[in-house]
Amino acid sequence: MADAAAANRDFPRVYGKVGSLHRERLWALRLSYASLILASLIFLAPPFYMLVTSIKTNVEMADQTLNPWIVRSPTFEHYAAILGNPVFLTFFRNSIIVTILVVAITMVISVLAAFALSRMRFWGSQVLATGVFLTYLVPDTLLFIPLYQIVGGLGLLNSIWGLVLVYPTLTVPFCTWIMIGYFASIPKELDEAALIDGATWPQMLLKIFIPVALPGIIAATIFAFTVSWAAFVYPTAFITRPDQMPLTIGIVSQLVRGDTFAWGQIMAGALIAALPPVVVYVFLMDYYIAGLTAGATKG
Amino acid sequence: MAQVSLRKLVKEYEGHVQAVKGIDLDIEDEEFVVLVGPSGCGKSTTLRMIAGLEEITSGEIAIGGDVVNDIPPRDRDIAMVFQNYALYPHMSVFDNISFGLKLRGFARDEIRRRVDNAARILGIGELLERKPKALSGGQRQRVAMGRAIVRDPKVFLFDEPLSNLDAKLRVQMRTEIKQVHQTVKTTTIYVTHDQVEAMTLADRVVVMNHGVIEQVGPPNELYRNPATIFVAGFIGSPAMNMIPARLEQAGGGGLRVLLDDGLSVPVPEDRTARYAPHANRDLLFGIRPEHLTEATRIDKQNLAPITVTLDVIEPMGMETLVHFHINGTSVCGRVDPAAGAEAGAPMALAAHMEHMHLIDKDTGKVL
């Protein structure tokens, strides 16, 4: 033993010369802060620019000699204009209706599908689970032409109900995939215990799976909400009547008149439109992070 | 309260892998039966078939006289405790324990009464409002048992319930499980791979291996008279020594077991008739470590002296384990710590021949 120790001392590289856990951690921290700050700058620059622009007067916006990042005389005239515009409020209402319905439809379908695919073994369940995910890989830019025919055939063009029908094709596959993963992480003994305790399959889903998989359900809800709130391709293709437009296309189609861009209102409208997802994130994040499966089994 | 009977029970998985190969077993009312065996022996599969969590390939399971083959788990009137507790993480202890009662539509007062009673038996009265994650391993195990007790089922099923606990807690919970059984007296089927747990808990132990039952019997019966080489080797720690040997005719009508060149031990007279048909055969000589002791122990009949050179000694406190070789086989003996065992030194030992076994190598049967 003593010989080995002496031998190792003769080769200082074995241990490194001035190794310090504290110092290594300090560097790791510095690096992570630097990258986080850089990432934040990149991601926050556009919204900041939108905010700055939205509170400038039209005159200030047009003046090319001024620094575009600085506001000299802030004004809320664009916000007042857009919130006083009944068309904008219609867009907002349409977006809310579509999104709420799509999130509800998505969650019902994907929770039921994921429960069946992850727990009830039946013929073809594996193929179905993979198939569900594969459909998510087909981009909507590829699908909107055939979907246009389908929606048109159903007489739902120029109607928010057409959007309620097609958005789930974007959200259900991915949400189902997330939920399959979450349900699969619930120990099998939990459903067996429930079965022995006397639960039926629907009771097991409602009383055990949904509460335990709540973080996953919230993650899927956030995803479905974001997708359906921010959808652009489908409404662009399917909606041309202003009273049926959601916010995303309403802002760009109604606030741009020929060559005239109402930049102040566009930016104000876009910022207001971006608000609901932020509110939803903040509200649901706490639940999302809480690890609810802790303590179920040995852990 | 009920008997459980298994008739020609078979479980076959895809690809014709038989996990359980047609076992028969009758469990009496209020009996505590332990299924024990190495992993993959079919003990858990058997338990899960009784619970209704695995389908039966063929055969019959009856609980309380009723065949339950096609009855779903919830209608079999059983309760099960799982290895990883399987508590519902989002429910309080009270809700966990009362979940089954609520689903079955029990009145609120009755639920309260039963939960309080179970909590009293298990000593978890103060924990009822807590969530499982705020409990220790032993407390979680008690809650899992509480969930079983409140249902007052016909049969308790335990699937390796102590495997996740540390050694000290395991011994403590073992005692508690036995006490609970003595209090509620429900028929219990308990699965474990730990032969000590099996011995200490069971009224009867069922030793399984490769999907078949090797032997059924009370713990001491299994220990003293194992029926097969598997049971002989599985029950007891350290395991029974099995030394290749030859049974030979000795002068005066007696038999001797030839262990090695020049080393033979006499077969007790009362076994001569039993072993005589196997004379002049190569067999395995089985003897437990506690029956290979220092030669100075109080002399009894049937002590055969053997002198060996010790390889390793392991002081355990109350005894010392000595390891040596006979005929190329590693052998273990148990001697008094004061007997002066020393590694590398020769030692005079005595084999207690009234506890010997002879095992047929070909059939695996103990003769």
# chains A, B, ... in the order shown; residues from 1 in each chain; ligands from 1
>>> interface_residues(of="chain B", to="chain A", cutoff="6 Å", atoms="only C-alpha atoms", output="ChimeraX atom specification")
/B:73-74,84-89,100,132-133
>>> write_last_selection(atoms="N, CA and C atoms", output="PDB file, in the first residue's frame")
ATOM      1  N   PRO B  73     -59.865  -9.494 -10.625  1.00  0.00           N
ATOM      2  CA  PRO B  73     -59.255  -9.329  -9.300  1.00  0.00           C
ATOM      3  C   PRO B  73     -60.191  -8.670  -8.283  1.00  0.00           C
ATOM      4  N   ARG B  74     -60.964  -7.660  -8.729  1.00  0.00           N
ATOM      5  CA  ARG B  74     -61.741  -6.894  -7.751  1.00  0.00           C
ATOM      6  C   ARG B  74     -62.848  -7.729  -7.129  1.00  0.00           C
ATOM      7  N   ASN B  84     -42.956  -2.942  -4.007  1.00  0.00           N
ATOM      8  CA  ASN B  84     -42.640  -1.508  -3.971  1.00  0.00           C
ATOM      9  C   ASN B  84     -43.800  -0.693  -3.389  1.00  0.00           C
ATOM     10  N   TYR B  85     -44.624  -1.343  -2.586  1.00  0.00           N
ATOM     11  CA  TYR B  85     -45.728  -0.730  -1.823  1.00  0.00           C
ATOM     12  C   TYR B  85     -46.914  -0.312  -2.690  1.00  0.00           C
ATOM     13  N   ALA B  86     -46.620   0.297  -3.876  1.00  0.00           N
ATOM     14  CA  ALA B  86     -47.693   0.718  -4.785  1.00  0.00           C
ATOM     15  C   ALA B  86     -48.735   1.578  -4.081  1.00  0.00           C
ATOM     16  N   LEU B  87     -48.273   2.540  -3.283  1.00  0.00           N
ATOM     17  CA  LEU B  87     -49.216   3.492  -2.682  1.00  0.00           C
ATOM     18  C   LEU B  87     -49.587   4.525  -3.732  1.00  0.00           C
ATOM     19  N   TYR B  88     -50.804   5.058  -3.625  1.00  0.00           N
ATOM     20  CA  TYR B  88     -51.219   6.097  -4.563  1.00  0.00           C
ATOM     21  C   TYR B  88     -50.567   7.408  -4.111  1.00  0.00           C
ATOM     22  N   PRO B  89     -49.640   7.958  -4.923  1.00  0.00           N
ATOM     23  CA  PRO B  89     -48.795   9.050  -4.430  1.00  0.00           C
ATOM     24  C   PRO B  89     -49.548  10.340  -4.150  1.00  0.00           C
ATOM     25  N   GLY B 100     -60.132   1.376  -1.457  1.00  0.00           N
ATOM     26  CA  GLY B 100     -60.909   0.192  -1.828  1.00  0.00           C
ATOM     27  C   GLY B 100     -62.304   0.206  -1.229  1.00  0.00           C
ATOM     28  N   PRO B 132     -47.724   9.750   0.937  1.00  0.00           N
ATOM     29  CA  PRO B 132     -46.716   8.681   0.956  1.00  0.00           C
ATOM     30  C   PRO B 132     -45.284   9.194   0.896  1.00  0.00           C
ATOM     31  N   LYS B 133     -45.044  10.301   0.171  1.00  0.00           N
ATOM     32  CA  LYS B 133     -43.653  10.732   0.028  1.00  0.00           C
ATOM     33  C   LYS B 133     -43.070  11.228   1.354  1.00  0.00           C
TER      34      LYS B 133
END
>>> residues_around(residues="Leu292 (chain B)", least_positions_apart="5", cutoff="7 Å", atoms="only C-alpha atoms", output="PyMOL selection string")
chain B and resi 333-334+349-352
>>> residues_around(residues="Asn94 (chain A)", least_positions_apart="3", cutoff="10 Å", atoms="only C-alpha atoms", output="count of residues only")
16
>>> select_by_dssp(residues="region 244-277 of chain A", states="strand (DSSP E or B)", output="PDB file with C-alpha atoms, in the first residue's frame")
ATOM      1  CA  VAL A 256     -51.575  46.036 -43.236  1.00  0.00           C
ATOM      2  CA  ARG A 257     -53.446  48.103 -45.816  1.00  0.00           C
ATOM      3  CA  THR A 260     -49.142  50.883 -45.310  1.00  0.00           C
ATOM      4  CA  PHE A 261     -47.975  48.979 -42.234  1.00  0.00           C
TER       5      PHE A 261
END
>>> closest_residue(among="B:Met353, B:Val180, B:Val93, B:Ala144", to="Pro305 (chain B)", atoms="only C-alpha atoms")
B:Met353
>>> atom_distance(atom1="CA of Gln3 (chain B)", atom2="CA of Glu31 (chain B)")
8.4 Å
>>> residues_around(residues="region 108-119 of chain A", least_positions_apart="2", cutoff="7 Å", atoms="only C-alpha atoms", output="tab-separated table (two decimals) with N, CA and C atoms, in the first residue's frame")
chain	number	residue	atom	x	y	z
A	104	ALA	N	-59.19	21.30	-25.14
A	104	ALA	CA	-60.09	20.32	-24.51
A	104	ALA	C	-60.18	19.05	-25.35
A	105	ILE	N	-60.42	19.22	-26.66
A	105	ILE	CA	-60.52	18.04	-27.53
A	105	ILE	C	-59.22	17.24	-27.50
A	106	THR	N	-58.10	17.96	-27.61
A	106	THR	CA	-56.79	17.30	-27.63
A	106	THR	C	-56.57	16.48	-26.36
A	121	ARG	N	-52.81	-3.90	-23.48
A	121	ARG	CA	-52.11	-4.51	-24.61
A	121	ARG	C	-53.15	-5.14	-25.52
A	125	SER	N	-51.25	-2.56	-30.87
A	125	SER	CA	-51.09	-1.37	-30.03
A	125	SER	C	-49.70	-0.74	-30.20
A	129	ALA	N	-48.96	3.04	-31.53
A	129	ALA	CA	-48.23	4.03	-30.74
A	129	ALA	C	-47.15	4.69	-31.59
A	172	VAL	N	-52.81	16.46	-31.26
A	172	VAL	CA	-53.08	15.14	-30.66
A	172	VAL	C	-51.88	14.19	-30.74
A	175	CYS	N	-49.17	15.26	-28.13
A	175	CYS	CA	-49.68	15.15	-26.76
A	175	CYS	C	-49.86	13.69	-26.37
A	176	THR	N	-50.35	12.87	-27.30
A	176	THR	CA	-50.49	11.45	-27.01
A	176	THR	C	-49.13	10.85	-26.70
A	179	MET	N	-48.05	11.81	-23.28
A	179	MET	CA	-48.83	11.12	-22.25
A	179	MET	C	-48.49	9.63	-22.19
A	180	ILE	N	-48.17	9.02	-23.34
A	180	ILE	CA	-47.75	7.62	-23.30
A	180	ILE	C	-46.51	7.51	-22.43
A	183	PHE	N	-47.56	7.99	-18.73
A	183	PHE	CA	-48.27	6.83	-18.20
A	183	PHE	C	-47.35	5.64	-18.05
A	184	ALA	N	-46.42	5.50	-19.02
A	184	ALA	CA	-45.50	4.36	-18.95
A	184	ALA	C	-44.61	4.46	-17.72
>>> closest_residue(among="A:Ile217, A:Ile82, A:Leu275, A:Leu143", to="Leu255 (chain A)", atoms="only C-alpha atoms")
A:Ile82
>>> atom_distance(atom1="CA of Leu321 (chain B)", atom2="CA of Asn225 (chain B)")
22.9 Å
>>> atom_distance(atom1="CA of Val102 (chain A)", atom2="CA of Pro46 (chain A)")
28.2 Å
>>> residues_around(residues="Pro219 (chain B)", least_positions_apart="4", cutoff="8 Å", atoms="only C-alpha atoms", output="count of residues only")
8
>>> residues_around(residues="Val138 (chain A)", least_positions_apart="5", cutoff="12 Å", atoms="only C-alpha atoms", output="CSV table (one decimal) with N, CA and C atoms, in the first residue's frame")
chain,number,residue,atom,x,y,z
A,131,GLY,N,-47.1,4.8,-34.9
A,131,GLY,CA,-47.8,5.5,-36.0
A,131,GLY,C,-48.3,6.9,-35.5
A,132,VAL,N,-48.8,7.0,-34.3
A,132,VAL,CA,-49.3,8.2,-33.8
A,132,VAL,C,-48.1,9.3,-33.8
A,133,PHE,N,-47.0,8.8,-33.4
A,133,PHE,CA,-45.8,9.7,-33.4
A,133,PHE,C,-45.4,10.1,-34.8
A,143,LEU,N,-49.5,19.4,-45.3
A,143,LEU,CA,-50.9,18.9,-45.1
A,143,LEU,C,-52.0,19.9,-45.5
A,144,PHE,N,-51.7,21.2,-45.6
A,144,PHE,CA,-52.8,22.1,-45.6
A,144,PHE,C,-53.5,22.0,-47.0
A,169,THR,N,-55.2,17.8,-35.4
A,169,THR,CA,-54.2,16.9,-36.2
A,169,THR,C,-52.8,17.3,-35.9
A,170,LEU,N,-52.6,18.6,-35.4
A,170,LEU,CA,-51.2,19.0,-35.0
A,170,LEU,C,-50.9,18.6,-33.6
A,173,PRO,N,-51.2,14.1,-31.9
A,173,PRO,CA,-50.1,13.1,-31.9
A,173,PRO,C,-49.0,13.3,-30.9
A,174,PHE,N,-48.6,14.6,-30.8
A,174,PHE,CA,-47.5,14.9,-29.9
A,174,PHE,C,-48.0,14.8,-28.4
>>> residues_around(residues="region 52-65 of chain B", least_positions_apart="5", cutoff="8 Å", atoms="only C-alpha atoms", output="list in words")
Glu192 of chain A; Met1, Ala2, Gln3, Val4, Ser5, Leu6, Arg7, Lys8, Leu9, Val10, Lys11, Glu12, Gly22, Thr45, Ile71, Pro72, Pro73, Arg76 and Lys154 of chain B
